[in-house]
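Structure, as structure tokens:
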Amino acid sequence: MQDSARVLPEQASTIAERVDTLYGLLVAMTAVVAVAVAGAILLFVVRYRRTRDRRVGDVIREPLWLEITWMIAPLVVWLSFFAGGATVFFDATTVPPGALRIDVVGKQWMWKMQHAGGQREINHLHIPIGRPIRLVLASEDVIHSFYVPAFRIKRDAVPGAQTEVWFEATKPGTYRLFCAEYCGTQHSGMTGFVTAMTAGDFEQWLSGSLDAPSLPEQGRAIVSRIGCLSCHGERSTARGPALEGVFGSTVRLKSGETVVADEAYLRESILVPGAKIVAGYENLMPTYRGLVGEEDLIKVVAYLKSLKREERRP
Ligand code: CUA
């Protein structure tokens with residue numbers, strides 16, 4: 001069908017049909033109620049109009065069962081929509097395990113994608129079909145919103161935070177990508193494409209567009225460039241805690257509390273080092289906000305996640 005003749009965009013993800021079904025049912029049910037109410041008003045206007053012999057309305061007493069029925073019936077109908085909506089919502093927001101992670105950074109006015117293998121893209125994302133894709137969104141400046149109508153997904157990219165959205169494409173093709181949050185003068189130009197490919201084509205595309213080392217390797221280069229290891233390195237005077245094996249571990253803090261070192265903790269420790277001081281260390285580290293942009297932060301965190309404790313020299 002021609003794009004201009006479509007009421008709804010193409011359905012190209014596993015969730016798309018369920019979203020549309022729910023939406024269609026809601027519209028249909030709302031239409032039925034609207035027609036019924038408007039029809040009843042018109043009917044009653046004619047039937048119970050004031051006449052010469054009936055200047056005051058009759059007092060009508062409905063039977064109790066009727067009162068109860070027309071309260072309970074709509075309640076059941078509308079609560080079933082709530083149940084249906086909640087089910088779709090939870091499935092649409094719960095990332096399945098084993099999803100392929102791709103980092104996306106919004107910036108005035110472009111979308112920058114980073115594949116784990118180091119492949120980079122701007123305003124054009126390539127993904128395989130038949131596999132859950134987990135997009136981790138960040139923003140370098142203002143709020144943007146990653147919107148692919150054909151997949152029925154939309155999620156804000158918020159400065160200072162990471163958000164996530166997932167989908168599974170069902171058929172190969174190229175679909176429109178939009179920014180759905182007004183983000184400045186060229187917001188309307190912040191568009192692009194998502195190309196869904198078969199698994200084989202995607203592998204081929206990945207190997208054909210490899211022009212950079214993997215994300216952890218790029219992260220390692222940044223870590224040595226900005227000098228993290230002068231305090232966190234093996235031969236340091238231990239001004240800062242070691243980086244190996246930190247990710248996923250439980251860290252004891254100076255305040256006596258403990259935290260699990262997840263991705264949010266690593267990001268915070270780079271951008272706001274004073275927020276959580278590890279037990280046994282002083283608050284010496286300056287903030288790296290502004291020195292490490294969102295794209296570099298993704299690489300540094302990927303590098304830190306790749307550092308296992310076993311690799312540490314005794
Ligand atoms: Cu980015 Cu609108």
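Numbering starts fresh at 1 for the residues of each chain in the structure tokens, the chains themselves are lettered A, B, ... in the order given, and ligands are numbered from 1 as they appear.
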Counting only C-alpha atoms and all ligand atoms, name the residues that have an atom within 10 Å of an atom of ligand 1; the answer should be given as a PDB file with C-alpha atoms, in the first residue's frame.
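Listing of part.pdb after writing:
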```pdb
ATOM      1  CA  GLY A 106      21.066  11.474  20.339  1.00  0.00           C
ATOM      2  CA  LYS A 107      22.747  14.777  19.571  1.00  0.00           C
ATOM      3  CA  GLN A 108      21.517  17.993  18.006  1.00  0.00           C
ATOM      4  CA  TRP A 109      20.645  16.892  15.311  1.00  0.00           C
ATOM      5  CA  MET A 110      21.566  13.332  14.551  1.00  0.00           C
ATOM      6  CA  TRP A 111      21.358   9.778  15.817  1.00  0.00           C
ATOM      7  CA  SER A 139      21.771  12.097  24.852  1.00  0.00           C
ATOM      8  CA  ASP A 141      22.591  17.674  24.928  1.00  0.00           C
ATOM      9  CA  VAL A 142      18.803  17.841  25.199  1.00  0.00           C
ATOM     10  CA  ILE A 143      15.910  15.378  25.274  1.00  0.00           C
ATOM     11  CA  HIS A 144      15.403  13.525  22.004  1.00  0.00           C
ATOM     12  CA  SER A 145      13.016  10.680  21.332  1.00  0.00           C
ATOM     13  CA  PHE A 146      13.833   7.604  19.274  1.00  0.00           C
ATOM     14  CA  ASP A 156      13.186   9.353  25.061  1.00  0.00           C
ATOM     15  CA  ALA A 157      16.943   9.819  25.107  1.00  0.00           C
ATOM     16  CA  PHE A 178      12.231   9.985  13.643  1.00  0.00           C
ATOM     17  CA  CYS A 179      13.090  12.178  16.572  1.00  0.00           C
ATOM     18  CA  ALA A 180       9.765  12.619  18.343  1.00  0.00           C
ATOM     19  CA  GLU A 181      10.711  15.299  20.852  1.00  0.00           C
ATOM     20  CA  TYR A 182      11.167  18.926  19.860  1.00  0.00           C
ATOM     21  CA  CYS A 183      14.898  19.456  20.339  1.00  0.00           C
ATOM     22  CA  GLY A 184      15.805  22.689  18.546  1.00  0.00           C
ATOM     23  CA  THR A 185      15.696  24.350  15.178  1.00  0.00           C
ATOM     24  CA  GLN A 186      16.577  21.281  13.125  1.00  0.00           C
ATOM     25  CA  HIS A 187      14.446  18.823  15.078  1.00  0.00           C
ATOM     26  CA  SER A 188      12.367  18.080  11.995  1.00  0.00           C
ATOM     27  CA  GLY A 189      15.526  17.071  10.142  1.00  0.00           C
ATOM     28  CA  MET A 190      16.616  14.615  12.820  1.00  0.00           C
ATOM     29  CA  THR A 191      15.339  11.601  10.916  1.00  0.00           C
TER      30      THR A 191
END
```
Residue list (strand (DSSP E or B), DSSP) for region 42-287 of chain A, as an MDAnalysis selection string
chainID A and resid 51 54 100:107 110:115 120:122 124:128 133:139 144:148 153:157 159 163:167 169 173:179 192:197 250:253 258:260 278
Min atom-atom distance to Gly118 (chain A) from the set A:Thr87, A:Thr30, A:Ser209, A:Thr93, counting only C-alpha atoms, belongs to A:Ser209
Of A:Ile102, A:Leu25, A:Leu297, A:Leu8, the one nearest to Glu268 (chain A) when counting only C-alpha atoms is A:Leu297
**Report entry** Of the listed residues A:Asp296, A:Glu244, A:Glu10, A:Asp103, that which approaches Val148 (chain A) most closely, counting only C-alpha atoms
**Finding:**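 Smallest distance to Val148 (chain A) is found for A:Glu10.
Nearest to Glu140 (chain A) of all the residues A:Pro159, A:Pro213, A:Gly84, A:Gly248 is A:Pro159, based on only C-alpha atoms.
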Residues at most 8 Å from Ala169 (chain A), counting only C-alpha atoms, excluding those fewer than 6 positions away in the same chain, as a PDB file with N, CA, C and O atoms, in the first residue's frame?
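Now in part_38.pdb:
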```
ATOM      1  N   ALA A  12       5.970  -4.063  11.415  1.00  0.00           N
ATOM      2  CA  ALA A  12       7.235  -4.742  11.101  1.00  0.00           C
ATOM      3  C   ALA A  12       7.940  -5.267  12.339  1.00  0.00           C
ATOM      4  O   ALA A  12       9.118  -5.603  12.281  1.00  0.00           O
ATOM      5  N   SER A  13       7.239  -5.325  13.475  1.00  0.00           N
ATOM      6  CA  SER A  13       7.859  -5.905  14.668  1.00  0.00           C
ATOM      7  C   SER A  13       6.858  -6.823  15.351  1.00  0.00           C
ATOM      8  O   SER A  13       5.661  -6.806  15.039  1.00  0.00           O
ATOM      9  N   THR A  14       7.359  -7.623  16.300  1.00  0.00           N
ATOM     10  CA  THR A  14       6.491  -8.605  16.959  1.00  0.00           C
ATOM     11  C   THR A  14       5.388  -7.936  17.770  1.00  0.00           C
ATOM     12  O   THR A  14       4.317  -8.496  17.947  1.00  0.00           O
ATOM     13  N   PRO A 128      19.393  -7.154  12.572  1.00  0.00           N
ATOM     14  CA  PRO A 128      18.896  -8.418  12.033  1.00  0.00           C
ATOM     15  C   PRO A 128      17.425  -8.619  12.408  1.00  0.00           C
ATOM     16  O   PRO A 128      16.978  -8.115  13.445  1.00  0.00           O
ATOM     17  N   ILE A 129      16.688  -9.341  11.571  1.00  0.00           N
ATOM     18  CA  ILE A 129      15.300  -9.675  11.928  1.00  0.00           C
ATOM     19  C   ILE A 129      15.298 -10.948  12.785  1.00  0.00           C
ATOM     20  O   ILE A 129      16.311 -11.639  12.890  1.00  0.00           O
ATOM     21  N   GLY A 130      14.171 -11.213  13.432  1.00  0.00           N
ATOM     22  CA  GLY A 130      14.012 -12.459  14.174  1.00  0.00           C
ATOM     23  C   GLY A 130      14.865 -12.553  15.414  1.00  0.00           C
ATOM     24  O   GLY A 130      15.128 -13.653  15.910  1.00  0.00           O
ATOM     25  N   ARG A 131      15.322 -11.420  15.916  1.00  0.00           N
ATOM     26  CA  ARG A 131      16.151 -11.438  17.106  1.00  0.00           C
ATOM     27  C   ARG A 131      15.843 -10.180  17.918  1.00  0.00           C
ATOM     28  O   ARG A 131      15.779  -9.081  17.346  1.00  0.00           O
ATOM     29  N   PRO A 132      15.650 -10.311  19.247  1.00  0.00           N
ATOM     30  CA  PRO A 132      15.370  -9.108  20.033  1.00  0.00           C
ATOM     31  C   PRO A 132      16.560  -8.147  20.003  1.00  0.00           C
ATOM     32  O   PRO A 132      17.703  -8.569  20.138  1.00  0.00           O
ATOM     33  N   PHE A 151       7.868  -0.194  13.943  1.00  0.00           N
ATOM     34  CA  PHE A 151       8.109  -1.123  15.049  1.00  0.00           C
ATOM     35  C   PHE A 151       7.247  -0.791  16.259  1.00  0.00           C
ATOM     36  O   PHE A 151       7.289  -1.496  17.265  1.00  0.00           O
ATOM     37  N   ALA A 196      16.212  -3.476   8.380  1.00  0.00           N
ATOM     38  CA  ALA A 196      16.136  -4.805   8.970  1.00  0.00           C
ATOM     39  C   ALA A 196      16.569  -5.819   7.922  1.00  0.00           C
ATOM     40  O   ALA A 196      16.103  -5.772   6.783  1.00  0.00           O
TER      41      ALA A 196
END
```
State, in Å with one decimal place, the distance from CA of Met197 (chain A) to CA of Tyr175 (chain A).
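A separation of 11.4 Å between them.
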For this session: Would you mind listing what lies within 12 Å of Ile226 (chain A) as a ChimeraX atom specification, with only C-alpha atoms counted and same-chain residues fewer than 4 positions away left out?
Result: /A:219-222,230-232,270,286-288,291-292,296-297,300
Got time to write the residues from that selection, all heavy atoms, as a short mmCIF file (atom, residue, chain, number, x, y, z; two decimals), in the first residue's frame?
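Below is the file part_4.cif, written as the result:
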```cif
data_model
loop_
_atom_site.label_atom_id
_atom_site.label_comp_id
_atom_site.auth_asym_id
_atom_site.auth_seq_id
_atom_site.Cartn_x
_atom_site.Cartn_y
_atom_site.Cartn_z
N GLY A 219 37.51 1.73 24.17
CA GLY A 219 37.44 2.23 25.55
C GLY A 219 38.79 2.20 26.23
O GLY A 219 39.17 3.12 26.94
N ARG A 220 39.55 1.14 25.97
CA ARG A 220 40.88 1.02 26.57
C ARG A 220 41.77 2.19 26.12
O ARG A 220 42.51 2.77 26.92
CB ARG A 220 41.51 -0.31 26.16
CG ARG A 220 42.84 -0.57 26.85
CD ARG A 220 43.78 -1.35 25.94
NE ARG A 220 43.26 -2.67 25.62
CZ ARG A 220 43.54 -3.77 26.30
NH1 ARG A 220 44.34 -3.71 27.34
NH2 ARG A 220 43.04 -4.92 25.94
N ALA A 221 41.65 2.54 24.83
CA ALA A 221 42.45 3.66 24.31
C ALA A 221 42.07 4.96 25.02
O ALA A 221 42.94 5.77 25.35
CB ALA A 221 42.24 3.78 22.80
N ILE A 222 40.79 5.16 25.25
CA ILE A 222 40.35 6.40 25.92
C ILE A 222 40.85 6.42 27.36
O ILE A 222 41.35 7.44 27.85
CB ILE A 222 38.80 6.50 25.89
CG1 ILE A 222 38.33 6.66 24.45
CG2 ILE A 222 38.32 7.67 26.74
CD1 ILE A 222 36.85 6.40 24.26
N SER A 230 46.74 6.28 36.01
CA SER A 230 47.73 6.85 36.92
C SER A 230 47.26 6.74 38.36
O SER A 230 48.06 6.73 39.28
CB SER A 230 48.04 8.30 36.56
OG SER A 230 46.88 9.08 36.69
N CYS A 231 45.97 6.63 38.57
CA CYS A 231 45.45 6.40 39.92
C CYS A 231 44.85 5.01 40.07
O CYS A 231 44.90 4.41 41.13
CB CYS A 231 44.38 7.43 40.27
SG CYS A 231 45.02 9.09 40.53
N HIS A 232 44.24 4.50 38.99
CA HIS A 232 43.54 3.22 39.10
C HIS A 232 44.38 2.05 38.55
O HIS A 232 43.89 0.94 38.48
CB HIS A 232 42.22 3.27 38.32
CG HIS A 232 41.19 4.19 38.91
ND1 HIS A 232 40.47 3.88 40.03
CD2 HIS A 232 40.77 5.43 38.54
CE1 HIS A 232 39.64 4.87 40.31
NE2 HIS A 232 39.81 5.84 39.42
N ILE A 270 32.27 8.05 37.04
CA ILE A 270 33.10 8.83 36.12
C ILE A 270 32.62 10.29 36.07
O ILE A 270 33.42 11.22 36.09
CB ILE A 270 33.04 8.21 34.70
CG1 ILE A 270 33.66 6.81 34.73
CG2 ILE A 270 33.77 9.10 33.70
CD1 ILE A 270 33.36 5.98 33.49
N PRO A 286 38.61 14.16 40.18
CA PRO A 286 37.81 15.24 39.59
C PRO A 286 36.75 14.66 38.66
O PRO A 286 36.87 13.53 38.21
CB PRO A 286 38.83 16.04 38.79
CG PRO A 286 39.84 15.02 38.39
CD PRO A 286 39.90 14.00 39.48
N THR A 287 35.73 15.43 38.38
CA THR A 287 34.69 14.94 37.49
C THR A 287 35.22 14.89 36.05
O THR A 287 36.05 15.69 35.66
CB THR A 287 33.44 15.83 37.54
OG1 THR A 287 32.52 15.34 36.56
CG2 THR A 287 33.76 17.28 37.21
N TYR A 288 34.73 13.91 35.31
CA TYR A 288 35.09 13.82 33.91
C TYR A 288 33.94 14.23 33.01
O TYR A 288 33.96 14.00 31.81
CB TYR A 288 35.59 12.40 33.58
CG TYR A 288 37.04 12.26 33.99
CD1 TYR A 288 37.38 12.13 35.33
CD2 TYR A 288 38.05 12.32 33.04
CE1 TYR A 288 38.71 12.04 35.71
CE2 TYR A 288 39.38 12.23 33.41
CZ TYR A 288 39.70 12.10 34.76
OH TYR A 288 41.01 12.04 35.12
N LEU A 291 34.61 16.12 29.75
CA LEU A 291 35.84 15.60 29.15
C LEU A 291 35.56 14.30 28.41
O LEU A 291 36.20 13.99 27.40
CB LEU A 291 36.89 15.34 30.23
CG LEU A 291 37.42 16.60 30.92
CD1 LEU A 291 38.25 16.24 32.14
CD2 LEU A 291 38.24 17.42 29.93
N VAL A 292 34.61 13.55 28.96
CA VAL A 292 34.22 12.29 28.33
C VAL A 292 32.78 12.43 27.86
O VAL A 292 31.87 12.53 28.67
CB VAL A 292 34.33 11.12 29.35
CG1 VAL A 292 33.99 9.81 28.67
CG2 VAL A 292 35.72 11.07 29.94
N ASP A 296 32.09 8.40 24.14
CA ASP A 296 33.28 7.86 24.78
C ASP A 296 32.91 7.11 26.06
O ASP A 296 33.52 6.09 26.39
CB ASP A 296 34.27 8.98 25.10
CG ASP A 296 34.98 9.46 23.84
OD1 ASP A 296 34.79 8.81 22.79
OD2 ASP A 296 35.70 10.47 23.91
N LEU A 297 31.90 7.62 26.75
CA LEU A 297 31.46 6.99 27.99
C LEU A 297 30.99 5.56 27.72
O LEU A 297 31.29 4.63 28.49
CB LEU A 297 30.32 7.83 28.58
CG LEU A 297 30.01 7.69 30.07
CD1 LEU A 297 31.26 7.86 30.91
CD2 LEU A 297 28.98 8.74 30.47
N VAL A 300 34.14 3.51 27.31
CA VAL A 300 34.86 3.30 28.57
C VAL A 300 34.13 2.28 29.43
O VAL A 300 34.73 1.36 29.99
CB VAL A 300 35.03 4.64 29.33
CG1 VAL A 300 35.56 4.40 30.74
CG2 VAL A 300 35.97 5.56 28.56
#
```
